[in-house]
$ cat upload.pdb   # PDB, C-alpha atoms and all ligand atoms
ATOM      1  CA  MET J 184       0.000   0.000   0.000
ATOM      2  CA  SER J 185       1.458   3.407  -0.907
ATOM      3  CA  GLY J 186       2.672   5.977   1.657
ATOM      4  CA  ALA J 187       0.241   8.533   0.198
ATOM      5  CA  LEU J 188      -2.653   6.169   0.753
ATOM      6  CA  LEU J 189      -1.536   5.586   4.310
ATOM      7  CA  SER J 190      -1.236   9.327   4.883
ATOM      8  CA  ARG J 191      -4.730   9.947   3.603
ATOM      9  CA  ARG J 192      -6.076   7.298   5.883
ATOM     10  CA  LYS J 193      -4.168   8.677   8.825
ATOM     11  CA  ALA J 194      -5.416  12.190   8.029
ATOM     12  CA  PHE J 195      -8.982  10.964   7.764
ATOM     13  CA  ARG J 196      -8.662   9.064  11.012
ATOM     14  CA  ARG J 197      -7.375  12.230  12.647
ATOM     15  CA  MET J 198     -10.323  14.247  11.361
ATOM     16  CA  THR J 199     -12.919  11.756  12.436
ATOM     17  CA  GLY J 200     -11.024  11.145  15.646
ATOM     18  CA  PHE J 201     -11.714  14.806  16.354
ATOM     19  CA  GLY J 202     -15.430  14.109  16.273
ATOM     20  CA  GLY J 203     -14.961  10.953  18.306
ATOM     21  CA  THR J 204     -12.946  12.836  20.886
ATOM     22  CA  LEU J 205     -15.679  15.422  21.113
ATOM     23  CA  ALA J 206     -18.300  12.773  21.526
ATOM     24  CA  ALA J 207     -16.276  10.956  24.141
ATOM     25  CA  THR J 208     -15.291  13.949  26.190
ATOM     26  CA  ALA J 209     -17.978  16.517  25.345
ATOM     27  CA  LEU J 210     -16.293  19.370  27.172
ATOM     28  CA  PRO J 211     -13.222  18.499  29.191
ATOM     29  CA  LYS J 212     -12.400  19.503  32.711
ATOM     30  CA  THR J 213     -10.181  22.448  31.768
ATOM     31  CA  ALA J 214     -12.913  23.936  29.586
ATOM     32  CA  GLN J 215     -15.341  23.789  32.442
ATOM     33  CA  ALA J 216     -12.945  24.999  35.123
ATOM     34  CA  SER J 217     -14.549  27.462  37.475
ATOM     35  CA  ALA J 218     -13.244  30.830  38.579
ATOM     36  CA  GLU J 219     -12.840  29.338  42.118
ATOM     37  CA  GLU J 220     -10.222  26.929  40.754
ATOM     38  CA  HIS J 221      -8.410  29.897  39.240
ATOM     39  CA  PRO J 222      -7.910  32.527  41.936
ATOM     40  CA  ALA J 223      -7.102  36.040  40.775
ATOM     41  CA  HIS J 224      -3.715  35.880  42.516
ATOM     42  CA  PRO J 225      -2.369  32.316  42.479
ATOM     43  CA  VAL J 226       0.329  31.218  44.914
ATOM     44  CA  ALA J 227       3.251  29.221  43.498
ATOM     45  CA  PRO J 228       3.634  25.825  45.193
ATOM     46  CA  PRO J 229       6.932  25.320  47.095
ATOM     47  CA  GLN J 230       8.281  22.939  44.449
ATOM     48  CA  ALA J 231       7.642  25.403  41.582
ATOM     49  CA  ILE J 232      10.640  25.684  39.280
ATOM     50  CA  ALA J 233      11.692  28.815  37.382
ATOM     51  CA  MET J 234      14.236  30.522  35.188
ATOM     52  CA  LEU J 235      15.747  33.875  36.087
ATOM     53  CA  TYR J 236      17.007  35.835  33.085
ATOM     54  CA  ASP J 237      19.129  38.886  33.902
ATOM     55  CA  SER J 238      19.365  40.961  30.748
ATOM     56  CA  THR J 239      22.236  43.005  32.206
ATOM     57  CA  VAL J 240      24.430  39.873  32.222
ATOM     58  CA  CYS J 241      23.441  38.545  28.782
ATOM     59  CA  THR J 242      26.121  39.098  26.118
ATOM     60  CA  GLY J 243      23.848  38.111  23.246
ATOM     61  CA  CYS J 244      26.090  35.190  22.321
ATOM     62  CA  LYS J 245      22.950  33.155  21.477
ATOM     63  CA  ALA J 246      24.472  29.874  22.661
ATOM     64  CA  CYS J 247      21.096  29.119  24.252
ATOM     65  CA  MET J 248      19.338  29.092  20.869
ATOM     66  CA  PRO J 249      21.020  26.101  19.169
ATOM     67  CA  ALA J 250      21.114  24.333  22.551
ATOM     68  CA  CYS J 251      17.340  24.688  22.715
ATOM     69  CA  ASN J 252      16.908  23.484  19.123
ATOM     70  CA  GLU J 253      19.133  20.480  19.735
ATOM     71  CA  ALA J 254      17.380  19.489  22.963
ATOM     72  CA  ASN J 255      14.034  19.722  21.206
ATOM     73  CA  GLY J 256      15.014  18.118  17.903
ATOM     74  CA  LEU J 257      14.187  21.277  15.948
ATOM     75  CA  PRO J 258      16.049  22.296  12.785
ATOM     76  CA  ALA J 259      17.726  25.703  12.610
ATOM     77  CA  ASP J 260      15.688  28.467  10.989
ATOM     78  CA  THR J 261      18.027  29.429   8.147
ATOM     79  CA  GLU J 262      15.477  31.014   5.821
ATOM     80  CA  LEU J 263      16.743  34.580   6.315
ATOM     81  CA  SER J 264      20.395  33.615   5.891
ATOM     82  CA  GLY J 265      19.883  31.613   2.707
ATOM     83  CA  GLY J 266      20.416  28.263   4.415
ATOM     84  CA  ILE J 267      23.573  29.210   6.367
ATOM     85  CA  TRP J 268      22.845  30.532   9.883
ATOM     86  CA  ASP J 269      20.079  30.065  12.409
ATOM     87  CA  MET J 270      18.458  33.507  12.102
ATOM     88  CA  PRO J 271      14.848  33.485  13.298
ATOM     89  CA  THR J 272      13.239  36.898  13.614
ATOM     90  CA  SER J 273      10.731  35.793  16.248
ATOM     91  CA  LEU J 274       9.506  32.667  18.007
ATOM     92  CA  ASN J 275       8.237  30.405  15.265
ATOM     93  CA  ALA J 276       7.397  26.822  14.372
ATOM     94  CA  GLN J 277      11.040  25.772  14.725
ATOM     95  CA  THR J 278      12.170  28.265  17.371
ATOM     96  CA  LYS J 279      11.168  27.825  21.030
ATOM     97  CA  ASN J 280      13.771  30.233  22.367
ATOM     98  CA  ILE J 281      15.097  33.460  20.875
ATOM     99  CA  ILE J 282      17.493  36.220  21.902
ATOM    100  CA  GLU J 283      16.348  39.604  20.618
ATOM    101  CA  LEU J 284      18.173  42.928  20.640
ATOM    102  CA  TYR J 285      16.552  46.154  21.765
ATOM    103  CA  GLN J 286      18.386  49.211  20.512
ATOM    104  CA  ASP J 287      17.437  52.871  20.834
ATOM    105  CA  PRO J 288      18.411  54.563  17.553
ATOM    106  CA  LYS J 289      18.711  57.953  19.304
ATOM    107  CA  SER J 290      21.078  56.881  22.081
ATOM    108  CA  ASP J 291      23.563  54.200  23.055
ATOM    109  CA  GLU J 292      20.916  52.325  24.985
ATOM    110  CA  PHE J 293      20.627  48.654  24.104
ATOM    111  CA  ALA J 294      19.783  45.379  25.811
ATOM    112  CA  PHE J 295      19.250  41.740  24.946
ATOM    113  CA  VAL J 296      16.138  39.838  25.862
ATOM    114  CA  LYS J 297      15.473  36.097  25.903
ATOM    115  CA  LYS J 298      11.987  35.001  24.869
ATOM    116  CA  GLN J 299      10.324  31.648  25.391
ATOM    117  CA  CYS J 300       7.211  30.442  27.210
ATOM    118  CA  MET J 301       6.778  32.231  30.535
ATOM    119  CA  HIS J 302       5.202  29.195  32.230
ATOM    120  CA  CYS J 303       2.549  31.398  33.827
ATOM    121  CA  LEU J 304       1.371  30.340  37.292
ATOM    122  CA  ASP J 305      -2.170  30.143  35.948
ATOM    123  CA  PRO J 306      -1.769  30.013  32.174
ATOM    124  CA  ALA J 307      -4.334  31.461  29.802
ATOM    125  CA  CYS J 308      -3.313  28.863  27.186
ATOM    126  CA  VAL J 309      -4.293  26.000  29.506
ATOM    127  CA  THR J 310      -7.625  27.594  30.351
ATOM    128  CA  GLY J 311      -8.199  28.483  26.693
ATOM    129  CA  CYS J 312      -7.530  24.997  25.308
ATOM    130  CA  PRO J 313     -10.945  23.328  24.905
ATOM    131  CA  PHE J 314      -9.499  19.794  24.852
ATOM    132  CA  GLY J 315      -7.007  19.751  27.709
ATOM    133  CA  SER J 316      -4.048  19.478  25.322
ATOM    134  CA  LEU J 317      -2.044  21.996  27.326
ATOM    135  CA  ASN J 318      -1.296  21.113  30.887
ATOM    136  CA  LYS J 319       0.551  22.664  33.804
ATOM    137  CA  ASN J 320       2.355  19.960  35.760
ATOM    138  CA  THR J 321       3.234  19.893  39.449
ATOM    139  CA  LEU J 322       6.592  21.621  38.867
ATOM    140  CA  GLY J 323       4.825  24.308  36.876
ATOM    141  CA  ALA J 324       6.070  23.400  33.384
ATOM    142  CA  VAL J 325       3.352  24.022  30.801
ATOM    143  CA  THR J 326       3.443  21.080  28.396
ATOM    144  CA  TRP J 327       1.524  20.112  25.266
ATOM    145  CA  ASN J 328      -0.084  16.752  24.543
ATOM    146  CA  PRO J 329      -0.301  16.108  20.769
ATOM    147  CA  SER J 330      -2.853  13.334  21.119
ATOM    148  CA  LEU J 331      -5.481  15.738  22.479
ATOM    149  CA  CYS J 332      -4.744  18.735  20.225
ATOM    150  CA  ILE J 333      -7.126  19.425  17.323
ATOM    151  CA  GLY J 334      -5.210  22.455  16.041
ATOM    152  CA  CYS J 335      -7.913  25.001  16.939
ATOM    153  CA  ARG J 336      -5.166  27.455  18.004
ATOM    154  CA  TYR J 337      -7.160  28.915  20.899
ATOM    155  CA  CYS J 338      -3.930  28.755  22.913
ATOM    156  CA  GLU J 339      -2.257  31.099  20.424
ATOM    157  CA  VAL J 340      -5.056  33.608  20.795
ATOM    158  CA  ALA J 341      -5.163  33.307  24.584
ATOM    159  CA  CYS J 342      -1.439  33.773  25.278
ATOM    160  CA  PRO J 343      -0.534  37.419  26.020
ATOM    161  CA  PHE J 344       3.137  36.711  25.257
ATOM    162  CA  GLU J 345       2.497  35.377  21.728
ATOM    163  CA  VAL J 346       4.287  32.145  22.549
ATOM    164  CA  PRO J 347       2.460  29.117  21.043
ATOM    165  CA  GLN J 348       3.332  28.723  17.365
ATOM    166  CA  PHE J 349       1.479  26.615  14.819
ATOM    167  CA  GLN J 350       3.311  24.507  12.222
ATOM    168  CA  TRP J 351       1.461  25.800   9.166
ATOM    169  CA  GLU J 352       3.638  23.928   6.703
ATOM    170  CA  ASP J 353       3.296  20.463   8.212
ATOM    171  CA  TRP J 354       0.513  18.079   7.114
ATOM    172  CA  ASN J 355       0.274  16.985  10.756
ATOM    173  CA  PRO J 356       0.885  20.336  12.461
ATOM    174  CA  LYS J 357       2.032  20.702  16.054
ATOM    175  CA  ILE J 358       1.868  23.540  18.520
ATOM    176  CA  VAL J 359       5.459  24.572  19.209
ATOM    177  CA  LYS J 360       6.366  26.198  22.517
ATOM    178  CA  CYS J 361       9.013  25.886  25.212
ATOM    179  CA  GLU J 362       7.988  23.079  27.556
ATOM    180  CA  PHE J 363      10.807  23.738  30.047
ATOM    181  CA  CYS J 364      12.690  20.781  28.488
ATOM    182  CA  TYR J 365      10.449  18.688  30.721
ATOM    183  CA  GLU J 366      10.502  15.405  28.767
ATOM    184  CA  GLN J 367      14.041  15.692  27.464
ATOM    185  CA  ARG J 368      15.889  16.950  30.543
ATOM    186  CA  LEU J 369      13.951  17.717  33.726
ATOM    187  CA  LYS J 370      12.606  14.166  33.898
ATOM    188  CA  VAL J 371      16.165  12.829  33.982
ATOM    189  CA  ASN J 372      17.339  15.399  36.523
ATOM    190  CA  LEU J 373      19.034  17.680  34.005
ATOM    191  CA  GLU J 374      18.447  21.413  33.974
ATOM    192  CA  PRO J 375      16.997  23.000  30.793
ATOM    193  CA  ALA J 376      19.387  23.120  27.849
ATOM    194  CA  CYS J 377      19.362  26.927  27.676
ATOM    195  CA  THR J 378      20.357  27.426  31.316
ATOM    196  CA  ALA J 379      22.935  24.617  31.192
ATOM    197  CA  VAL J 380      24.773  26.138  28.241
ATOM    198  CA  CYS J 381      24.695  29.856  29.094
ATOM    199  CA  PRO J 382      28.358  30.872  29.580
ATOM    200  CA  THR J 383      27.641  34.010  31.625
ATOM    201  CA  LYS J 384      24.802  32.538  33.718
ATOM    202  CA  ALA J 385      22.522  35.268  32.370
ATOM    203  CA  VAL J 386      19.776  32.682  32.591
ATOM    204  CA  ILE J 387      19.722  30.332  35.554
ATOM    205  CA  PHE J 388      17.431  27.559  36.695
ATOM    206  CA  GLY J 389      16.131  26.745  40.168
ATOM    207  CA  LYS J 390      13.157  26.926  42.477
ATOM    208  CA  ARG J 391      10.983  29.974  41.875
ATOM    209  CA  SER J 392      11.161  31.013  45.536
ATOM    210  CA  ASP J 393      14.992  30.861  45.514
ATOM    211  CA  LEU J 394      15.300  32.723  42.222
ATOM    212  CA  LEU J 395      12.986  35.482  43.430
ATOM    213  CA  LEU J 396      15.253  35.947  46.464
ATOM    214  CA  GLU J 397      18.316  35.913  44.197
ATOM    215  CA  ALA J 398      16.761  38.564  41.936
ATOM    216  CA  LYS J 399      15.879  40.778  44.893
ATOM    217  CA  ASP J 400      19.402  40.393  46.315
ATOM    218  CA  ARG J 401      20.814  41.580  42.979
ATOM    219  CA  ILE J 402      18.503  44.596  43.024
ATOM    220  CA  ALA J 403      19.429  45.386  46.645
ATOM    221  CA  ALA J 404      23.135  45.155  45.799
ATOM    222  CA  ALA J 405      22.867  47.506  42.800
ATOM    223  CA  PRO J 406      19.546  49.361  42.960
ATOM    224  CA  ASP J 407      20.432  51.888  40.241
ATOM    225  CA  LYS J 408      21.256  49.169  37.775
ATOM    226  CA  TYR J 409      17.794  47.683  37.537
ATOM    227  CA  PHE J 410      14.706  49.183  35.929
ATOM    228  CA  GLU J 411      12.070  50.114  38.509
ATOM    229  CA  LYS J 412      14.016  47.966  41.021
ATOM    230  CA  ARG J 413      11.645  45.105  40.419
ATOM    231  CA  VAL J 414      11.358  41.624  38.951
ATOM    232  CA  TYR J 415       9.150  41.172  35.884
ATOM    233  CA  GLY J 416       7.067  38.044  36.302
ATOM    234  CA  GLU J 417       6.759  38.198  40.069
ATOM    235  CA  HIS J 418       3.222  39.517  39.754
ATOM    236  CA  GLU J 419       2.505  40.077  36.033
ATOM    237  CA  ALA J 420      -0.478  38.057  34.800
ATOM    238  CA  GLY J 421      -0.762  36.515  38.271
ATOM    239  CA  GLY J 422       2.935  35.575  38.241
ATOM    240  CA  THR J 423       5.123  33.603  35.849
ATOM    241  CA  GLN J 424       7.840  30.983  36.232
ATOM    242  CA  VAL J 425      10.257  32.888  34.044
ATOM    243  CA  LEU J 426      11.517  35.976  35.854
ATOM    244  CA  TYR J 427      13.318  38.968  34.344
ATOM    245  CA  LEU J 428      15.730  41.629  35.499
ATOM    246  CA  SER J 429      16.601  44.478  33.148
ATOM    247  CA  SER J 430      18.315  47.839  33.065
ATOM    248  CA  VAL J 431      15.786  49.192  30.552
ATOM    249  CA  SER J 432      12.011  49.265  30.612
ATOM    250  CA  PHE J 433      10.482  45.803  30.269
ATOM    251  CA  GLN J 434       8.155  47.132  27.581
ATOM    252  CA  LYS J 435      11.172  48.235  25.510
ATOM    253  CA  LEU J 436      12.225  44.605  25.630
ATOM    254  CA  GLY J 437       8.837  43.600  24.263
ATOM    255  CA  LEU J 438       7.464  42.234  27.536
ATOM    256  CA  PRO J 439       3.834  43.357  27.714
ATOM    257  CA  LYS J 440       2.523  45.598  30.461
ATOM    258  CA  LEU J 441       0.058  43.354  32.277
ATOM    259  CA  GLY J 442      -1.976  43.606  35.441
ATOM    260  CA  THR J 443      -1.496  41.353  38.431
ATOM    261  CA  THR J 444      -4.676  39.319  37.973
ATOM    262  CA  SER J 445      -4.118  35.800  36.694
ATOM    263  CA  LEU J 446      -5.060  35.365  33.047
ATOM    264  CA  GLY J 447      -6.400  31.912  33.828
ATOM    265  CA  HIS J 448      -8.862  33.658  36.147
ATOM    266  CA  TYR J 449     -10.010  35.967  33.331
ATOM    267  CA  GLY J 450      -9.980  33.015  30.957
ATOM    268  CA  THR J 451     -12.506  30.984  32.938
ATOM    269  CA  LYS J 452     -14.983  33.844  32.685
ATOM    270  CA  VAL J 453     -14.569  34.063  28.919
ATOM    271  CA  THR J 454     -14.477  30.318  28.221
ATOM    272  CA  SER J 455     -17.502  29.591  30.379
ATOM    273  CA  VAL J 456     -19.533  31.844  28.055
ATOM    274  CA  ILE J 457     -17.908  30.575  24.844
ATOM    275  CA  TYR J 458     -18.209  26.889  25.711
ATOM    276  CA  LYS J 459     -21.786  27.271  26.855
ATOM    277  CA  TRP J 460     -22.550  28.756  23.452
ATOM    278  CA  LEU J 461     -20.452  26.159  21.612
ATOM    279  CA  SER J 462     -21.548  23.050  23.454
ATOM    280  CA  GLY J 463     -24.496  22.352  21.120
ATOM    281  CA  PRO J 464     -22.505  22.491  17.837
ATOM    282  CA  LEU J 465     -19.608  20.600  19.446
ATOM    283  CA  LEU J 466     -21.822  17.758  20.541
ATOM    284  CA  MET J 467     -23.394  17.652  17.070
ATOM    285  CA  ALA J 468     -19.890  17.445  15.557
ATOM    286  CA  GLY J 469     -19.105  14.658  17.993
ATOM    287  CA  VAL J 470     -22.124  12.610  16.933
ATOM    288  CA  LEU J 471     -21.343  13.154  13.240
ATOM    289  CA  GLY J 472     -17.711  12.218  13.864
ATOM    290  CA  PHE J 473     -18.812   8.976  15.498
ATOM    291  CA  PHE J 474     -20.916   7.920  12.489
ATOM    292  CA  ILE J 475     -18.272   8.954   9.928
ATOM    293  CA  ARG J 476     -15.631   7.072  11.895
ATOM    294  CA  ARG J 477     -17.830   3.955  12.137
ATOM    295  CA  ASN J 478     -18.484   3.995   8.368
ATOM    296  CA  TRP J 479     -14.779   4.513   7.687
ATOM    297  CA  ASP J 480     -13.850   1.553   9.880
ATOM    298  CA  ARG J 481     -16.338  -0.605   7.930
ATOM    299  CA  HIS J 482     -14.884   0.678   4.657
ATOM    300  CA  GLU J 483     -11.353  -0.173   5.833
ATOM    301  CA  ALA J 484     -12.419  -3.690   6.837
ATOM    302  CA  GLU J 485     -13.991  -4.240   3.392
ATOM    303  CA  THR J 486     -10.863  -2.871   1.688
ATOM    304  CA  ALA J 487      -8.630  -5.196   3.680
ATOM    305  CA  GLU J 488     -10.830  -8.129   2.703
ATOM    306  CA  GLN J 489     -10.625  -7.130  -0.977
ATOM    307  CA  GLU J 490      -6.824  -6.837  -0.743
ATOM    308  CA  ARG J 491      -6.654 -10.255   0.875
ATOM    309  CA  LYS J 492      -8.709 -11.778  -1.947
ATOM    310  CA  THR J 493      -7.134  -9.998  -4.947
ATOM    311  CA  GLY J 494      -3.666  -9.145  -3.679
ATOM    312  CA  PHE J 495      -4.175  -5.507  -4.929
ATOM    313  CA  PRO J 496      -4.966  -2.435  -2.837
ATOM    314  CA  GLU J 497      -8.114  -0.511  -3.655
ATOM    315  CA  GLN J 498      -7.219   2.921  -5.083
ATOM    316  CA  LEU J 499      -8.782   5.865  -3.318
TER     317      LEU J 499
HETATM  318  S1  LIG N 501      23.641  31.827  26.232
HETATM  319 FE1  LIG N 501      23.359  33.218  27.987
HETATM  320  S2  LIG N 501      24.630  35.010  27.484
HETATM  321 FE2  LIG N 501      24.409  33.835  25.595
HETATM  322  S3  LIG N 501      22.617  34.770  24.597
HETATM  323 FE3  LIG N 501      21.807  33.029  25.769
HETATM  324  S4  LIG N 501      21.221  33.937  27.731
HETATM  325 FE4  LIG N 501      22.574  35.453  26.731
HETATM  326  S1  LIG N 502       3.383  32.358  28.205
HETATM  327 FE1  LIG N 502       1.611  31.828  26.951
HETATM  328  S2  LIG N 502       2.038  29.725  26.295
HETATM  329 FE2  LIG N 502       3.358  30.121  28.051
HETATM  330  S3  LIG N 502       2.190  29.422  29.856
HETATM  331 FE3  LIG N 502       1.761  31.618  29.621
HETATM  332  S4  LIG N 502      -0.119  31.660  28.378
HETATM  333 FE4  LIG N 502       0.755  29.604  28.146
HETATM  334  S1  LIG N 503      13.663  25.421  28.756
HETATM  335 FE1  LIG N 503      14.236  24.087  27.027
HETATM  336  S2  LIG N 503      12.614  24.443  25.506
HETATM  337 FE2  LIG N 503      12.510  26.148  26.987
HETATM  338  S3  LIG N 503      13.800  27.772  26.096
HETATM  339 FE3  LIG N 503      15.120  26.588  27.479
HETATM  340  S4  LIG N 503      16.070  25.046  26.148
HETATM  341 FE4  LIG N 503      14.325  25.856  25.031
END
$ encode --input "upload.pdb" --output "structure tokens" --more "lines below"
Ligand code: SF4
Ligand code: SF4
Ligand code: SF4
Amino acid sequence: MSGALLSRRKAFRRMTGFGGTLAATALPKTAQASAEEHPAHPVAPPQAIAMLYDSTVCTGCKACMPACNEANGLPADTELSGGIWDMPTSLNAQTKNIIELYQDPKSDEFAFVKKQCMHCLDPACVTGCPFGSLNKNTLGAVTWNPSLCIGCRYCEVACPFEVPQFQWEDWNPKIVKCEFCYEQRLKVNLEPACTAVCPTKAVIFGKRSDLLLEAKDRIAAAPDKYFEKRVYGEHEAGGTQVLYLSSVSFQKLGLPKLGTTSLGHYGTKVTSVIYKWLSGPLLMAGVLGFFIRRNWDRHEAETAEQERKTGFPEQL
């Protein structure tokens, strides 16, 4: 049987599996999560991990970028350099981690900034995902489960940091985002690839509570060095598990100005309305998916029988 035929079958199974998943799960737990489960100001558990990125220490060497690609099995983005260098211009379908340069054309002011998932304490992407494909684990890493994802891209819309990226060019597209190297490294007691490789320790890994103390110690030791003498991510969007120190305004670095209320908390209010409205059509799609899938399974059984008898595959 040809690869193309197999691919079509797989694609069809995926489509009808969508309906089946809907029928089986109707609306999953995350979609129905209540505002009580998502307090406006979440408290990080004691075991919560984090990264602290100090822009004043970053030399812009970009060693963390290929290290991230390698750890995640992603090819370099060489489009801009004509196939030579890894030169992404933003987070994209093959870039989970990027170092960007902020430069003021009117002065000497410049700074580097590292961008990746912020691993929010109460992530809007998790609340926004209707099928529970995004999950925040006990350490706080926000991970993605391909088997539950239907590619609706609600997570992309929900994220205020524009982190989740969709693989437009792949026939079986994935959502690409930093997952804290959870599967590849944390699970085997290794720190994330980007923190392990950083030569200046501009980005370090540890417990969130320890890194917050470390950041505040740095500010106390050199208060004039740090913008607003505060840590970005301590309270923004209800708190994040990537923390930033900078000598220039966080907004100049492209970090959005956000309130202190958790986005997951806002998200439950929005999704409860959306899912209430969508539940009818979703259930209808689920029922249709079930019947299409059942007919397809019958068709496949008949095809297999024909192949067994004639020795030739049926052409689709
Ligand atoms: S490896 Fe460290 S110093 Fe180099 S660009 Fe990345 S964060 Fe900055
Ligand atoms: S930064 Fe975006 S993708 Fe990452 S956890 Fe927060 S909402 Fe989700
Ligand atoms: S934690 Fe892993 S996936 Fe995330 S930016 Fe660092 S190296 Fe990349």
$ residues_near_ligand --input "upload.pdb" --ligand "ligand LIG 502 (chain N)" --cutoff "6 Å" --atoms "only C-alpha atoms and all ligand atoms" --output "NGL selection string"
:J and (300-303 or 306-308 or 325 or 342 or 344 or 346-347)
$ resolve_selection --input "upload.pdb" --expression "the PyMOL selection byres (((not hetatm)) within 8 of (chain N and resi 503))" --output "list of chain:residue names"
J:Cys247, J:Met248, J:Ala250, J:Cys251, J:Asn252, J:Ala254, J:Asn255, J:Lys279, J:Asn280, J:Ile281, J:Lys298, J:Gln299, J:Cys300, J:Lys360, J:Cys361, J:Glu362, J:Phe363, J:Cys364, J:Tyr365, J:Pro375, J:Ala376, J:Cys377, J:Thr378
$ residues_near_ligand --input "upload.pdb" --ligand "ligand LIG 501 (chain N)" --cutoff "12 Å" --atoms "only C-alpha atoms and all ligand atoms" --output "PyMOL selection string"
chain J and resi 234-251+280-284+294-299+375-388+427
$ atom_distance --input "upload.pdb" --atom1 "CA of Asn372 (chain J)" --atom2 "CA of Arg401 (chain J)"
27.2 Å
$ resolve_selection --input "upload.pdb" --expression "the PyMOL selection byres (((chain J and resi 397) around 12) and not hetatm)" --output "list in words"
Ala233, Met234, Leu235, Tyr236, Asp237, Ile387, Phe388, Gly389, Lys390, Arg391, Ser392, Asp393, Leu394, Leu395, Leu396, Ala398, Lys399, Asp400, Arg401, Ile402, Ala403, Ala404, Arg413, Val414, Leu426, Tyr427 and Leu428 of chain J
$ resolve_selection --input "upload.pdb" --expression "the PyMOL selection byres (((chain J and resi 442) around 8) and not hetatm)" --output "PyMOL selection string"
chain J and resi 418-421+440-441+443-444
$ closest_residue --input "upload.pdb" --among "J:Asn355, J:Gln286, J:Asn320, J:Gln367" --to "Cys332 (chain J)" --atoms "all atoms listed in the file"
J:Asn355
$ decode --input "upload.pdb" --residues "region 256-261 of chain J" --atoms "all heavy atoms" --output "PDB file, in the first residue's frame"
ATOM      1  N   GLY J 256      15.036  18.742  19.227  1.00  0.00           N
ATOM      2  CA  GLY J 256      15.014  18.118  17.903  1.00  0.00           C
ATOM      3  C   GLY J 256      14.448  19.023  16.827  1.00  0.00           C
ATOM      4  O   GLY J 256      13.782  18.547  15.907  1.00  0.00           O
ATOM      5  N   LEU J 257      14.714  20.334  16.935  1.00  0.00           N
ATOM      6  CA  LEU J 257      14.187  21.277  15.948  1.00  0.00           C
ATOM      7  C   LEU J 257      15.306  21.728  15.009  1.00  0.00           C
ATOM      8  O   LEU J 257      16.418  22.028  15.470  1.00  0.00           O
ATOM      9  CB  LEU J 257      13.594  22.509  16.650  1.00  0.00           C
ATOM     10  CG  LEU J 257      12.300  22.283  17.425  1.00  0.00           C
ATOM     11  CD1 LEU J 257      11.989  23.493  18.295  1.00  0.00           C
ATOM     12  CD2 LEU J 257      11.143  22.004  16.474  1.00  0.00           C
ATOM     13  N   PRO J 258      15.016  21.816  13.714  1.00  0.00           N
ATOM     14  CA  PRO J 258      16.049  22.296  12.785  1.00  0.00           C
ATOM     15  C   PRO J 258      16.270  23.802  12.947  1.00  0.00           C
ATOM     16  O   PRO J 258      15.381  24.521  13.402  1.00  0.00           O
ATOM     17  CB  PRO J 258      15.444  21.983  11.410  1.00  0.00           C
ATOM     18  CG  PRO J 258      13.968  21.999  11.638  1.00  0.00           C
ATOM     19  CD  PRO J 258      13.736  21.524  13.055  1.00  0.00           C
ATOM     20  N   ALA J 259      17.453  24.260  12.561  1.00  0.00           N
ATOM     21  CA  ALA J 259      17.726  25.703  12.610  1.00  0.00           C
ATOM     22  C   ALA J 259      16.841  26.424  11.601  1.00  0.00           C
ATOM     23  O   ALA J 259      16.503  25.868  10.563  1.00  0.00           O
ATOM     24  CB  ALA J 259      19.202  25.944  12.286  1.00  0.00           C
ATOM     25  N   ASP J 260      16.467  27.659  11.923  1.00  0.00           N
ATOM     26  CA  ASP J 260      15.688  28.467  10.989  1.00  0.00           C
ATOM     27  C   ASP J 260      16.665  29.287  10.144  1.00  0.00           C
ATOM     28  O   ASP J 260      17.109  30.358  10.555  1.00  0.00           O
ATOM     29  CB  ASP J 260      14.739  29.386  11.770  1.00  0.00           C
ATOM     30  CG  ASP J 260      13.949  30.302  10.849  1.00  0.00           C
ATOM     31  OD1 ASP J 260      14.155  30.238   9.618  1.00  0.00           O
ATOM     32  OD2 ASP J 260      13.128  31.092  11.366  1.00  0.00           O
ATOM     33  N   THR J 261      16.995  28.782   8.972  1.00  0.00           N
ATOM     34  CA  THR J 261      18.027  29.429   8.147  1.00  0.00           C
ATOM     35  C   THR J 261      17.429  30.193   6.962  1.00  0.00           C
ATOM     36  O   THR J 261      18.162  30.582   6.057  1.00  0.00           O
ATOM     37  CB  THR J 261      19.011  28.362   7.609  1.00  0.00           C
ATOM     38  OG1 THR J 261      18.251  27.398   6.852  1.00  0.00           O
ATOM     39  CG2 THR J 261      19.749  27.647   8.734  1.00  0.00           C
TER      40      THR J 261
END
